There are 4 protein chains.
Amino acid sequence: MSGLYDEMSASKIMREIFSDRAQVQGMLDFEAALARAEADAGVIPQEAATPIAAQCRAKRFDLERLAQEGAQTGNIAVPLVAALVDLVARNDPAASRFVNFGATSQDAVDTGLVLQLQKALDSFDADLGRLCEVLAELVRRHRRTVLLGRLWLQPTVPVTFGFKAAGWLSALVRDRERLRALRARTLVVQFGGAGGTLAPLGSKGLEVAMHLAQGLKLGLPDVPWHAARDRIAEVGAAIGLVAGSLGKMARDISLMTQAEVAEASEHIAPGRGTASNGLHKRNPIGVGAILAVAARVPGLVGTLFSAMPQEHERGLGGWQAEWDSLPEICLLTSGALARAIEVVQALEVDPTRMRANIDATGGVILGEVVALALVRHLGSPQAHAIVERACRQAVDTKTSLRDVLETERDVTNKLTFAELDELCDPGEHLGLAEAFGERVLAEHARIAGNGQH
Amino acid sequence: MSGLYDEMSASKIMREIFSDRAQVQGMLDFEAALARAEADAGVIPQEAATPIAAQCRAKRFDLERLAQEGAQTGNIAVPLVAALVDLVARNDPAASRFVNFGATSQDAVDTGLVLQLQKALDSFDADLGRLCEVLAELVRRHRRTVLLGRLWLQPTVPVTFGFKAAGWLSALVRDRERLRALRARTLVVQFGGAGGTLAPLGSKGLEVAMHLAQGLKLGLPDVPWHAARDRIAEVGAAIGLVAGSLGKMARDISLMTQAEVAEASEHIAPGRGTASNGLHKRNPIGVGAILAVAARVPGLVGTLFSAMPQEHERGLGGWQAEWDSLPEICLLTSGALARAIEVVQALEVDPTRMRANIDATGGVILGEVVALALVRHLGSPQAHAIVERACRQAVDTKTSLRDVLETERDVTNKLTFAELDELCDPGEHLGLAEAFGERVLAEHARIAGNGQH
Amino acid sequence: MSGLYDEMSASKIMREIFSDRAQVQGMLDFEAALARAEADAGVIPQEAATPIAAQCRAKRFDLERLAQEGAQTGNIAVPLVAALVDLVARNDPAASRFVNFGATSQDAVDTGLVLQLQKALDSFDADLGRLCEVLAELVRRHRRTVLLGRLWLQPTVPVTFGFKAAGWLSALVRDRERLRALRARTLVVQFGGAGGTLAPLGSKGLEVAMHLAQGLKLGLPDVPWHAARDRIAEVGAAIGLVAGSLGKMARDISLMTQAEVAEASEHIAPGRGTASNGLHKRNPIGVGAILAVAARVPGLVGTLFSAMPQEHERGLGGWQAEWDSLPEICLLTSGALARAIEVVQALEVDPTRMRANIDATGGVILGEVVALALVRHLGSPQAHAIVERACRQAVDTKTSLRDVLETERDVTNKLTFAELDELCDPGEHLGLAEAFGERVLAEHARIAGNGQH
Amino acid sequence: MSGLYDEMSASKIMREIFSDRAQVQGMLDFEAALARAEADAGVIPQEAATPIAAQCRAKRFDLERLAQEGAQTGNIAVPLVAALVDLVARNDPAASRFVNFGATSQDAVDTGLVLQLQKALDSFDADLGRLCEVLAELVRRHRRTVLLGRLWLQPTVPVTFGFKAAGWLSALVRDRERLRALRARTLVVQFGGAGGTLAPLGSKGLEVAMHLAQGLKLGLPDVPWHAARDRIAEVGAAIGLVAGSLGKMARDISLMTQAEVAEASEHIAPGRGTASNGLHKRNPIGVGAILAVAARVPGLVGTLFSAMPQEHERGLGGWQAEWDSLPEICLLTSGALARAIEVVQALEVDPTRMRANIDATGGVILGEVVALALVRHLGSPQAHAIVERACRQAVDTKTSLRDVLETERDVTNKLTFAELDELCDPGEHLGLAEAFGERVLAEHARIAGNGQH
C-alpha cells in the first residue's frame, strides 16, 4: 500500500484505471447507464435519466468522505448512491428518487470493477503486443546466435539466443490469447438487485438488464453472479500467468547478467542503477522488479481462489477480500510488463561472450554428438567409453574435447580432422532451434493479426 | 500423503489415473510412441520399434526401485529409461540402443503427465456433466420453491431454491467450458531433447515430433516448453475454479443444514455420519469434505504460479515443485466432485421449512416492496417512514408486517386487504428467479450438447 | 492499494506507522543514529554527526521525487541518501561526505522497516490487550449463559457463551504472547554495508554496530541478515495468526447473527449498516471486514515464505517482494483488530434466544446423558435403544425428549420425574465450561500482568 | 501423493512418523492413556483400563477398512473407536463400554497428531543439530577463504565463504530455537468431549485431563482447542521457516555450481546425477530437491492459515483441510533437511576458483576502497572521478584496476605501489567477516548446548 512503491510497481495507465477516482467513476457509469436503461424500458420516467446521468461524474464526489462512510456501511457504493441522490435532488428532487432503482450496492461495485477490468484487459493486450513484438525482433535477430543451453543450471547442448527468446515469446503469446479468450465470459454486467432476482423491476427486469449491458458494452450473464466468483478468480489467474511468464524471462535474464556469465545486461540509463556504494554497477533493476511481482502475484491469486466459497446470495468476507486483491494483481503485473518492455527493448546482448561460455566448457557438451558418430564405427560401449574418458580429460586439463580427441588413435582412425571439427562445432548442432523460432513467430503473427475482440 | 485419507479425498478413477503405476505407464506410452515415430521417420531402424514398444508396460517395472533410484538421479525417468533399456536388451540388444533416442528425461516425465491430464480432463468433464445434470434437475424441480434470500448472512428479499441452484449450476457450466477450452492449448506433447532443439534428430526432428503427437493423440506445440510452465499453471487454475465453485455450493448447503435453518440436509446412508457420541446426528460429511478441498486447492494453485520462473532451458526446483502439486489438485477436486454428485443427488430439501423461515422474519423483507407501492399514494418520505416504523414494530412484537400494516390507517386508506396480501406474499415477488433459471438451463444444455472435443 | 478502502481496512495508528512519511522517517532515523554512532566510535568526525542528524526529518524530503527516482535506482534509500547528502551539503559540505558512511541502501531500508515493526508490535500489543480485556469481560459475564454447542454446524451438547468467548480469548492471549516472544529475535538492526562485512569501518565495525543498535533501541544480530529473511517471515506469520484467530471469532459471530439463530448481533450505530434497499438491516459489517482480512492475510504470509530463498549476499526479487507484503499484513490485521474491539465491546447477546435454540432441538442433544444414566439400570444396549427411539420420536413429533421419556414405562420405572428434569436440563450438564473459562482468564491475567518487554 | 516421490521428498524417519500405521497408533496411544487416566481418577473401573490398553496396537487394525469407513463417517477416529470397542469386547465386553469414554473423535485425531508432531519436532531438532554442526565446520574451515560478495546477482565487495556459510547457519540456529520454543505452547493434549466441556466426566474432568496429559508427556492447555487452530498454524509456519532457510542455502549453492561460477559442487556418488543424455553431468540434484520443497511449503503454510476461521465448537472443512497439510509440511521439510545435510557434508568447495572469480572482475569491486584512500589526498570529487574512470578502463580493457591505477600519475604521486597492492588485495578488506562468523558459531554453540527441552 506504500505510495512510495507505486511508481516502481505499476504502469502509469494501470494506476489511472485503478485510481480511487476511476473506481468511483466505474460505479457512476453503472448508475448513469442504469438510469438510461430503465428510462428506455419505461421503468423510471424518461425525464429522470438525464439529471441522474448528469451528476455521474466522479470529480463531484468527496472521496475522503466516501472512504469514511464506506467503512461504516460496509462498502463504498452505499454512501456513493446516497451522495448521488443528494446531488441529483439539488436540481431535481423527483429524479433523485430513481437513482440506483432496483439495484443493490454490489451491482454498482461489481459492474464498476468489470468496467475497470475491461480497460485493464485492453491495456494488457496492448502492452503484451508491444512486448511480443520486441521479443519477436530478438528471435529474428538472434536466430543463429549460438548460446549455451542450460539444464538444472548446468551446461547442456547448444541452443541459440533466438530460440531462448522464442520460448519467452511463446508463453506470452499464449498469455495474450488467454486474456482475450476470457473477455466474453467475464466482461459481463452485474445486475440483480438485493437478492439477484431483479424483483423490483417486475416484468421489465430482463429488458433493463439487456439495455444496461448494451449501454456499457458488456455482456449479459445468464444469471447474476453476486456470490459465484469464478469469473473474478479466472481473470486474476490469467493475469497471474502473465506475471509468471514474465518472471521466467526475468529469471533467465538475471542469470545471464551475472558477471561470470555476462551474456546480457540491462541497459542502464544515466543516473540509474547505481547503488550508494557502487562506482561500477549495472544492476538488473528491471528484472529484479519483475521477479518481485512474480513472487507476489501467486499469493494474491490464491486469495481469490480461497475467497470463492461465498455465502448464499451475497457473501460475507469473501467478496470484500477481492476488492484490493484483483486490482493489485492488475497493478503489479502491469508494472512488470512495462519493465519487461523496457528491459527487452534495451537489452544488451553479447554474442561473443555467449560463444566464449560454450568454449569454456571445453566442448564436452557435444560429447554425446561425438559418441553417436563413433558408435557407427566402434559400437556403442567402446564409443561411449572413449568419449567419456576424453570429456574427463578435457575438463581436468582445461583443454577442449576436440583437442583431446585428436590425440585418440581410435578416433582419428575413424574420423577425419574436418569431421571432428564439424562434430565439435556448436553451430552445427542446433537442431530445430531456428525452425522452432519460426513456429513461435508464426503464432505471434497469428494472434497479433487477429485483433483483440 | 496419508493413505488413510485417499478414500475420502479423491475419486476412484482419479486415484487410478494418478497411481504410481499409471504415472510410469504414461512415461512408457511416451517411449513406445517415440520409438514408433522415430521408426516411421527412419530415424531408428524399423525393427527396433516393436521390441521397445513391447516392453513399455508398467507392470514389468519395479516401482520401489524406480522410486529409490529416482531419488538419486533427480527424476523417475532416468532410472525408468535405464530399466527399459535393460528389459529390451534381454531380447534385442540392438533395439535397446534406440530407447528414448534423442529425448531427455523431462520429455518423458512431462508427456507422461500430459497423458494423465488428458484422462483427468475426460473424467472431470464426465463428472461435471453428471453434477450439472443433477443440479439442472434441482433447478427444474424447485423453480417455484420460495426461499429466503440472504445477504451477508442476513435476510433479504425472497428467491427460489431453483434460482439458488441455478447459481451453482451456472458456475459449474462455465467451469466445464473452461476445462474444455484449454485442452487444445495444454494437451500437447513435450519433446525437445536435452536443450529443447531436438538436435540429435537432425533434419527429422519436426517429422518425428508430428508422428509422436499423432501417435499419442496430443497436440504439437510451437516449441518445447520445458521451462515455460504456463500450461501447467493454467490447468491447475482451471481445476481450482471447479474446487472453488464446489466450495461455494457446499458452503451454502452447510449453512442450510444448520438445525436452526433446516432447509436441507444430506441424506445419510445407514451407518454413516454418526459421530462417536451422537445418537441423533445427520452430519454434513459430504459438504465438509468439499469445503476442505476448497480450502486446500488454492495453496496448491499458488504453488504452480510461484514455480513458474524456471531457469533457462530446464528449471531447478520449480519443475520438481509441480510433480505432486498438479496431481493433488486433480485428486482433491475429483473427490470434491464425486462428493458433490452424491450430496446433490440425495439432498433432502424441505420447502415447508424454507417458507417458515421467511415467515419467521415477520415479512419485513418485503418492506421495500410495500413502501414502493405506498409511494405512489403518499410520496416517498411518508411511505418509507410508515413502513420503517411498521417493520420495527413487527420485529419487536414478533408479529408480521402484514398484520401491523393492517392497523395503519394511512395504509388501509390507500390499499385494500387483498392488495396488502399480495404485497406481502413472497411468492409474488420473485422477479426473474425462474427466468434466470431457464437461462442457466439453456447454457447447461448448450454445453452438454456440444460434446467435449 | 485503493485509498477508498484504507479507512475500512486498517487502524488509524497503523496507517500512520506505515505511511510514506513514516517509512522515510524510519530510514532517516537509521541515518541519524548511524552518524552519531560513527562519530562516537571515531569513525567519522564528531562535528559531522550533528548536521547530518539535523536534516534527518522526513518532511524535508520530496516524497514524490523519491518515489520516481527509487523506481529508477531500485529502492528508495538510494535517492534518499543522495537527497540527504544534498541537504547536509547546503550548510556543511564537509559533513555531507559522511552521510550513510559504510552502510548500504538495504541497511537503511531494513532497519527503517524494523523501526516501523517495533511500533507496529507495540500497537498490536496494546490493541490485543484491549480486545482480550473486553473478551475477558464477556467470559466473566456469561460464565453461566447456556448456549448450544455446535459440531460441524450441527447441535451437540450444551456449552456456555462464556466458554465460547474463552476459546476466542485463549487463542488471542497466545497470539499476544507470541508477538512479544519474537521481539528480541526480530527487532534487530540491519547493518553490514555492501557485502555485509562492514569492511569500510575497519576494526571499528562492531563498535559502531553496537552503538547504532543502542541508539535505536534495537538488538544487535549475530550477523547481518540481508539475504536471510526468516525474521521477516516470522513476524508476518505471527501477525497472520492474529488475523486467523480474529477470523475464527468473526466466523462464529457471523453465524450467531443469522436471523434464524439470532443469538448475537453487532450493535449498529445510527446510519450504519443499512444497505441501499434495506429498511431493517443489522448487517454484520464488522465481522465481514474481519473475515475479509482473515482471507487475505494467508496469501501475503505465503508470499513472505516463498520469497525466502534470496540470492547470495543480497537477493534480487525476493527482497523487493517483501516491501509491501509485510506492511499490508500489519495494516490489514490492525484493521481487523480495531473492528474486533468495536464488535465485541458492543456485541448484543441474547441469552433467551440462546436457551430457546437449545430447546428447539427437543433436548435430544442430551440423549447421551440420559442414556448413560439409564445404562446403570438397564444395561447399555437397552438403554441406548430406548433413548435413540425417544430422540427420533421427539424430533419427528416436534416435542421434547423429556416429554417422550415421561411416557416410556421402562424409563419412569427407573427414574423419577425430578431425575428426568435434571438429566434434561442443559444447565446441569456444562462440565468444565466455567472452570475452563477461569483457566483462560488466568492465562490472560498472567500475560497482561507481564508487561510487554 | 505419488509414492514414487516419497523416497526423494521425505526423510525415512519422518515417513515412519507420518505413516498410516503411526497415525493410527497415535490415536490408539490417546485411547490407551485415556483409559488409564480415567481408571486412575475412578471414572471408569480400574479393571477396564488394562484390556483397553492391551488392544491399542495399530497392527491389530485393518487400515484399508478404516480408510473406507472413515470416508463415510467423516474421520478416521469414528471407525477406529468402533473397531477398538469390538476388539476389546471379544475378551472383555464389560471393558469395551469404556473405550473413548467421554471423549470425541477429534480428541483422538488431534492428540494423535500432536504425538506425531512431538516425534517430528524431535527429529527436526536432531537433524537441524546435525546440519548446523556441518555448517559450523564450513564456517570454521573457510573463515578466510576469500569469495566474491554478490548483490542483486552482481559483484560487490569481497566476503569469505565462511561468512556466507555463517549466514546460512545463523538462520538455521534461529529456526532450531523457534522449534524448541513452541513445544511448550503446542505439544498439548486435546481433550474436551463433544462440546469441549468434558461434561460426561462430571467433576472429574480436570483430574482426568491432567493424568492424560502426564501419561502422554504432553502439556495441558487452558481450554480444549477443537476450533482454535493457532497452534497448528504456528507449528506449520515454524517448520516452513526451516524450509525457507534451507531454500536460501540451496539457492546460493545452485548458483555457485553453475559452470561459469564453479565455486562449489555437489559431490556426486557414482551412478547418481547423470541424466539420460549426459556423459559429463554433476547435476545439483540435492539442492534442486531442496528448492522444490521451499517452493511447495509456503502454499501449505498458507492453507493452514486460511483454514483457521473454523466454525463454533468444531469446524467443518477447515479442520479437515489440516489433516494432510501439516504432515506434508513435515515430510517435505524433513526431506529437504536430509538432503541439506548430505549436500553440505560432501560439498566440494573450490577456493582457487573463488579467488579467480574475484580477479576476473578486474578488482573494480574495491574501487570504493581505493577512492576512500585517495579522498584523504585529493578530496572526494577528484578521488572518485579518478577511480571511476580507472574502473571503466579496467573493465573495458579487461585488465585490472590495480594495473590501471599504476599508470595514473595523480594516484602514484600519493600512494606507493605497496599501498596500492594492499588496497587492491581482497583479502585485506574482509571487515568483520570472520568476527561475524565467530558470533554465529557462538549462537550455534549456545543452542546446541541447551538441549532441547
# chains A, B, ... in the order shown; residues from 1 in each chain; ligands from 1
>>> interface_residues(of="chain D", to="chain C", cutoff="6 Å", atoms="only C-alpha atoms", output="PyMOL selection string")
chain D and resi 149-152+157+195+197-199+202+222-223+244+247-248+252+298+302+305-306+308-316+429-433+436+439-440
>>> select_by_dssp(residues="segment 157-358 of chain A", states="strand (DSSP E)", output="number ranges by chain")
A: 157-160, 264-265, 348-349
>>> write_last_selection(atoms="C-alpha atoms", output="PDB file, in the first residue's frame")
ATOM      1  CA  VAL A 157      23.767 -28.885 -25.641  1.00  0.00           C
ATOM      2  CA  PRO A 158      23.973 -25.584 -27.537  1.00  0.00           C
ATOM      3  CA  VAL A 159      20.881 -23.604 -28.447  1.00  0.00           C
ATOM      4  CA  THR A 160      20.521 -20.106 -29.867  1.00  0.00           C
ATOM      5  CA  ALA A 264      23.349  -9.925 -21.476  1.00  0.00           C
ATOM      6  CA  SER A 265      22.804  -6.848 -19.405  1.00  0.00           C
ATOM      7  CA  GLU A 348      22.481  -5.541 -24.409  1.00  0.00           C
ATOM      8  CA  VAL A 349      23.337  -8.951 -25.770  1.00  0.00           C
TER       9      VAL A 349
END
>>> residues_around(residues="Leu84 of chain B", least_positions_apart="3", cutoff="9 Å", atoms="only C-alpha atoms", output="PyMOL selection string")
chain B and resi 28+52+55-56+61+79-81+87-89+96+99
>>> select_by_dssp(residues="segment 11-88 of chain D", states="helix (DSSP H, G or I)", output="PyMOL selection string")
chain D and resi 12-17+20-40+46-55+58-60+63-73+77-88
>>> atom_distance(atom1="atom CA of Glu408 of chain A", atom2="atom CA of Cys391 of chain A")
12.0 Å
>>> atom_distance(atom1="atom CA of Val287 of chain D", atom2="atom CA of Asp107 of chain B")
21.7 Å
>>> atom_distance(atom1="atom CA of Gly112 of chain C", atom2="atom CA of Ala338 of chain C")
24.8 Å
>>> closest_residue(among="C:Cys424, C:Leu337, C:Leu4, C:Leu135", to="Gly363 of chain C", atoms="only C-alpha atoms")
C:Cys424
>>> residues_around(residues="Val173 of chain C", least_positions_apart="4", cutoff="8 Å", atoms="only C-alpha atoms", output="compact mmCIF listing (two decimals) with C-alpha atoms, in the first residue's frame")
# COMPACT_ATOMS: atom_id res chain seq x y z
CA LEU C 128 -4.66 -7.15 21.76
CA CYS C 132 -8.51 -9.51 25.50
CA LEU C 169 -9.67 -15.26 24.28
CA GLU C 177 2.45 -13.87 23.86
CA GLU C 443 -3.65 -17.04 31.37
CA HIS C 444 -4.92 -13.66 30.21
CA ILE C 447 0.18 -12.20 30.15
>>> residues_around(residues="Leu113 of chain A", least_positions_apart="4", cutoff="7 Å", atoms="only C-alpha atoms", output="number ranges by chain")
A: 26, 109, 117
>>> write_last_selection(atoms="N, CA and C atoms", output="mmCIF file, in the first residue's frame")
data_model
loop_
_atom_site.group_PDB
_atom_site.id
_atom_site.type_symbol
_atom_site.label_atom_id
_atom_site.label_comp_id
_atom_site.auth_asym_id
_atom_site.auth_seq_id
_atom_site.Cartn_x
_atom_site.Cartn_y
_atom_site.Cartn_z
ATOM 1 N N GLY A 26 -16.325 4.273 -12.268
ATOM 2 C CA GLY A 26 -16.879 2.999 -12.740
ATOM 3 C C GLY A 26 -18.272 2.758 -12.175
ATOM 4 N N VAL A 109 -20.802 -1.908 -7.381
ATOM 5 C CA VAL A 109 -19.398 -2.209 -7.101
ATOM 6 C C VAL A 109 -18.840 -3.182 -8.130
ATOM 7 N N LEU A 117 -11.835 -3.551 -15.269
ATOM 8 C CA LEU A 117 -11.130 -4.713 -15.835
ATOM 9 C C LEU A 117 -11.106 -4.664 -17.357
#
>>> residues_around(residues="Gly215 of chain D", least_positions_apart="3", cutoff="9 Å", atoms="only C-alpha atoms", output="list in words")
Ala33, Leu34, Arg36, Ala37, Met210, His211, Leu212 and Leu218 of chain D
